[in-house]
Amino acid sequence: MSVTILDIIKNVSLAGWGMQVAGLFVALFWAVIFWQDVEKRSNKLFFIFSVVVFVWGVAAVFWEVAAETLFANTLVGIFYFVGGLIAPTLLFAIDSYSDKDGVYSSRGFVPILGPYIVLSLAFFVPGLIVGYERAIDDIPGKIVFGKLFIAYALYALVLVVLNLVHLIKKYKESAGIFKIQMRNFILLFGATSLIALFWTLLIPAISGNQDHFWIGYVFGALLFLVFTGITVIKYEFWSPKVIATELFISLIITVLFAEIFITSSFLDLLIKTGITLVVIFSSSFLVESVKREIKSKDKIIRLSHDIEIISKRLKVLDKKKSDFLSIASHHLRDPLTAIKGYASMILDGSFGDLSRPVREAVEKIFDSSERLITMISDFMDISRIESGDMNYNFADVDMREMVLELASEMKPSAAHAHLPIDVVVDDEGAAGVPFVTVGDAGKLRQVISNLIDNSIKYTPHGNISMRLSMSPDKKKIIFSQSDTGIGMSALTKEKIFRKFSRADGVSKVYTEGTGLGLYVAKEIIKKHEGRIWAESKGEGQGSTFYVELEAKR
Ligand code: ADP
């Protein structure tokens, strides 16, 4: 009996056609992906999977068409033989996508394909797994399931379960939107494949009933379509936008093309052909522009992803830097403190009288070690601030007492720089409203002494003054530190509170500055819920620094 195209169209069931179309679609899709990167392992494996699906669809059609021929037995065997490869090839493919060193693909070829190869030998004996009993008179032909069919069905079931287990593992490891996509995919995959298996393998294997094969086919077809559809969207191989645009354009062109064939005159034919050509030509631009837009969107997404990774790396590096700074600073500070201590003892005369040149040299050692200790303390503060390890011990602090004390402590260095110090404490303190705030005494002291120290450093001549006052509503304590020094521009005023920030050219006045003191001061005052800021009429016109703190009620 010869088979014509018409026979094929007539004899194949709707479900068979569905499977055929689905198989073709899947194969075409993966062929395109494979073509884009032939070397990629996952592309190869998905392509193999799609070829298996396609061949399976073709085998199904041939078998449906030629069921009542002499080849029926062989064709049904081929159909089941190829069908048995769907689950393992899909497993390898999914595995290669989700893992670099796929669990199954690297070690699992033998355990996973082994049973299949053994089973497939049985296909050479018709009827051992499946066979076909042709129609006799009124009795319709049917597939007969052999002794080993149950083993074959179990093999497919185990592999589907393995696929599911693997996917669930991936689902647990994933996060965000990918996790939701994964969950939906697992549900779809699980439901369709188990239903397909149930109706095409288990029910026939157990009861021999094959009336419901079509359910398996339909779900099988659905599974492949859904699987491919999800992959398209998830991996953005083809954007839905491009697909929609292309579909729309194809529709218009098809209609225009059809119009050409129903022309009444030559002029009509010319016009319609012209319009069709113009549409074809311009639509290619449209598709290109959509593709370009998507490409640039992809680029932006990729870039933002890269930035995210880089910023994470930078954070790690920053943390390492802070840790290093903290450790290095600790090790530097201890010997320096010893140097400063001994220098101070030598200057005090603990080791006998000093000649002038020796005294001057030791004074330099003392000053330098003091400066280094301050610098190291600043570095340590920075690393503590950045790692969030700065500890504060809040208690009542008398600011009046602190300012007076610091003023007298700093007097010698101010005098050394020929700068008279003037301290004014407004009457409120004396009139019974104490200048008490709640804060960390040590840290507030550090802030005030840094401001006084800066005034001395940045005032080549003139004088410096401090003032402690209350806001009119008596809720705030305001400390101000003024000098007649180098002053600053409005721009400098803003930036000096940033880390490592110094005024331009300031190193001519004072070389050793690090630009950290005010940053640390700002962080400390911030923790006290206070404010710190600077005022200046401009360069060369002196500056005033303010610290505002909450007065204790
Ligand atoms: P450093 O003094 O070590 O550079 P600071 O953070 O204490 O670090 O100060 C940052 C910058 O602010 C200084 O380098 C200087 O440019 C400016 N500055 C601070 N105090 C004064 C002041 N009293 N007069 C003028 N400029 C100042």
# chains A, B, ... in the order shown; residues from 1 in each chain; ligands from 1
>>> residues_near_ligand(ligand="ligand 1", cutoff="6 Å", atoms="only C-alpha atoms and all ligand atoms", output="ChimeraX atom specification")
/A:454-455,458,485-488,496,501-503,506,513-519,543
>>> select_by_dssp(residues="region 449-521 of chain A", states="alpha helix (DSSP H)", output="count of residues only")
20
>>> residues_around(residues="Val160 (chain A)", least_positions_apart="5", cutoff="12 Å", atoms="only C-alpha atoms", output="VMD selection string")
chain A and resid 84 to 92 94 112 153 to 155 165 to 167 186 189 to 198
>>> closest_residue(among="A:Leu113, A:Val76, A:Leu121, A:Ala407", to="Glu133 (chain A)", atoms="only C-alpha atoms")
A:Val76
>>> atom_distance(atom1="CA of Lys312 (chain A)", atom2="CA of Ser387 (chain A)")
15.3 Å
>>> atom_distance(atom1="CA of Ser377 (chain A)", atom2="CA of Lys522 (chain A)")
15.4 Å
>>> closest_residue(among="A:Ser482, A:His305, A:Asp453, A:Ile477", to="Tyr510 (chain A)", atoms="only C-alpha atoms")
A:Asp453
>>> decode(residues="region 356-369 of chain A", atoms="all heavy atoms", output="mmCIF file, in the first residue's frame")
data_model
loop_
_atom_site.group_PDB
_atom_site.id
_atom_site.type_symbol
_atom_site.label_atom_id
_atom_site.label_comp_id
_atom_site.auth_asym_id
_atom_site.auth_seq_id
_atom_site.Cartn_x
_atom_site.Cartn_y
_atom_site.Cartn_z
ATOM 1 N N ARG A 356 70.555 73.649 74.634
ATOM 2 C CA ARG A 356 69.526 74.236 73.770
ATOM 3 C C ARG A 356 69.273 73.425 72.482
ATOM 4 O O ARG A 356 68.118 73.088 72.178
ATOM 5 C CB ARG A 356 69.904 75.671 73.407
ATOM 6 C CG ARG A 356 68.789 76.647 73.803
ATOM 7 C CD ARG A 356 69.270 78.056 73.618
ATOM 8 N NE ARG A 356 69.233 78.415 72.205
ATOM 9 C CZ ARG A 356 68.213 79.035 71.639
ATOM 10 N NH1 ARG A 356 67.163 79.364 72.366
ATOM 11 N NH2 ARG A 356 68.228 79.334 70.358
ATOM 12 N N PRO A 357 70.368 73.074 71.775
ATOM 13 C CA PRO A 357 70.106 72.313 70.544
ATOM 14 C C PRO A 357 69.429 70.972 70.812
ATOM 15 O O PRO A 357 68.540 70.557 70.083
ATOM 16 C CB PRO A 357 71.499 72.086 69.941
ATOM 17 C CG PRO A 357 72.448 72.922 70.710
ATOM 18 C CD PRO A 357 71.808 73.401 71.951
ATOM 19 N N VAL A 358 69.828 70.291 71.913
ATOM 20 C CA VAL A 358 69.194 68.997 72.237
ATOM 21 C C VAL A 358 67.722 69.223 72.560
ATOM 22 O O VAL A 358 66.830 68.502 72.094
ATOM 23 C CB VAL A 358 69.922 68.303 73.409
ATOM 24 C CG1 VAL A 358 69.164 67.057 73.859
ATOM 25 C CG2 VAL A 358 71.342 67.935 73.010
ATOM 26 N N ARG A 359 67.442 70.253 73.362
ATOM 27 C CA ARG A 359 66.051 70.548 73.730
ATOM 28 C C ARG A 359 65.212 70.783 72.470
ATOM 29 O O ARG A 359 64.117 70.232 72.324
ATOM 30 C CB ARG A 359 66.004 71.768 74.642
ATOM 31 C CG ARG A 359 64.597 72.294 74.907
ATOM 32 C CD ARG A 359 64.562 73.308 76.001
ATOM 33 N NE ARG A 359 64.753 72.681 77.308
ATOM 34 C CZ ARG A 359 63.777 72.080 77.987
ATOM 35 N NH1 ARG A 359 62.566 72.036 77.482
ATOM 36 N NH2 ARG A 359 64.018 71.547 79.146
ATOM 37 N N GLU A 360 65.782 71.583 71.548
ATOM 38 C CA GLU A 360 65.023 71.881 70.326
ATOM 39 C C GLU A 360 64.754 70.606 69.510
ATOM 40 O O GLU A 360 63.652 70.403 68.996
ATOM 41 C CB GLU A 360 65.812 72.874 69.455
ATOM 42 C CG GLU A 360 65.521 74.312 69.867
ATOM 43 C CD GLU A 360 66.434 75.309 69.176
ATOM 44 O OE1 GLU A 360 67.123 74.935 68.199
ATOM 45 O OE2 GLU A 360 66.442 76.449 69.657
ATOM 46 N N ALA A 361 65.767 69.750 69.461
ATOM 47 C CA ALA A 361 65.597 68.496 68.704
ATOM 48 C C ALA A 361 64.522 67.629 69.361
ATOM 49 O O ALA A 361 63.635 67.085 68.683
ATOM 50 C CB ALA A 361 66.919 67.748 68.633
ATOM 51 N N VAL A 362 64.596 67.518 70.697
ATOM 52 C CA VAL A 362 63.614 66.671 71.394
ATOM 53 C C VAL A 362 62.207 67.263 71.264
ATOM 54 O O VAL A 362 61.214 66.540 71.135
ATOM 55 C CB VAL A 362 64.021 66.449 72.866
ATOM 56 C CG1 VAL A 362 62.980 65.599 73.598
ATOM 57 C CG2 VAL A 362 65.379 65.771 72.957
ATOM 58 N N GLU A 363 62.139 68.593 71.289
ATOM 59 C CA GLU A 363 60.823 69.231 71.107
ATOM 60 C C GLU A 363 60.225 68.849 69.754
ATOM 61 O O GLU A 363 59.022 68.586 69.629
ATOM 62 C CB GLU A 363 60.966 70.758 71.188
ATOM 63 C CG GLU A 363 60.724 71.279 72.593
ATOM 64 C CD GLU A 363 61.078 72.759 72.735
ATOM 65 O OE1 GLU A 363 61.421 73.422 71.725
ATOM 66 O OE2 GLU A 363 61.017 73.242 73.867
ATOM 67 N N LYS A 364 61.103 68.797 68.765
ATOM 68 C CA LYS A 364 60.620 68.412 67.417
ATOM 69 C C LYS A 364 60.124 66.960 67.432
ATOM 70 O O LYS A 364 59.097 66.635 66.829
ATOM 71 C CB LYS A 364 61.739 68.586 66.381
ATOM 72 C CG LYS A 364 61.828 70.038 65.972
ATOM 73 C CD LYS A 364 62.609 70.232 64.700
ATOM 74 C CE LYS A 364 62.660 71.724 64.381
ATOM 75 N NZ LYS A 364 64.025 72.221 64.277
ATOM 76 N N ILE A 365 60.895 66.101 68.149
ATOM 77 C CA ILE A 365 60.457 64.683 68.248
ATOM 78 C C ILE A 365 59.092 64.628 68.914
ATOM 79 O O ILE A 365 58.174 63.942 68.460
ATOM 80 C CB ILE A 365 61.474 63.847 69.069
ATOM 81 C CG1 ILE A 365 62.812 63.783 68.323
ATOM 82 C CG2 ILE A 365 60.935 62.457 69.359
ATOM 83 C CD1 ILE A 365 63.921 63.092 69.106
ATOM 84 N N PHE A 366 58.941 65.416 69.987
ATOM 85 C CA PHE A 366 57.684 65.415 70.737
ATOM 86 C C PHE A 366 56.526 65.869 69.833
ATOM 87 O O PHE A 366 55.488 65.203 69.734
ATOM 88 C CB PHE A 366 57.823 66.341 71.949
ATOM 89 C CG PHE A 366 56.574 66.379 72.785
ATOM 90 C CD1 PHE A 366 56.319 65.399 73.734
ATOM 91 C CD2 PHE A 366 55.633 67.396 72.616
ATOM 92 C CE1 PHE A 366 55.158 65.429 74.489
ATOM 93 C CE2 PHE A 366 54.478 67.421 73.369
ATOM 94 C CZ PHE A 366 54.245 66.433 74.315
ATOM 95 N N ASP A 367 56.724 67.024 69.143
ATOM 96 C CA ASP A 367 55.663 67.562 68.279
ATOM 97 C C ASP A 367 55.271 66.584 67.168
ATOM 98 O O ASP A 367 54.095 66.343 66.903
ATOM 99 C CB ASP A 367 56.120 68.869 67.619
ATOM 100 C CG ASP A 367 56.126 70.014 68.621
ATOM 101 O OD1 ASP A 367 55.586 69.805 69.732
ATOM 102 O OD2 ASP A 367 56.690 71.082 68.303
ATOM 103 N N SER A 368 56.318 66.023 66.540
ATOM 104 C CA SER A 368 56.029 65.116 65.419
ATOM 105 C C SER A 368 55.288 63.886 65.894
ATOM 106 O O SER A 368 54.332 63.435 65.243
ATOM 107 C CB SER A 368 57.317 64.681 64.725
ATOM 108 O OG SER A 368 57.978 65.805 64.249
ATOM 109 N N SER A 369 55.729 63.336 67.025
ATOM 110 C CA SER A 369 55.053 62.122 67.492
ATOM 111 C C SER A 369 53.616 62.450 67.888
ATOM 112 O O SER A 369 52.698 61.658 67.636
ATOM 113 C CB SER A 369 55.814 61.462 68.644
ATOM 114 O OG SER A 369 55.990 62.384 69.683
#
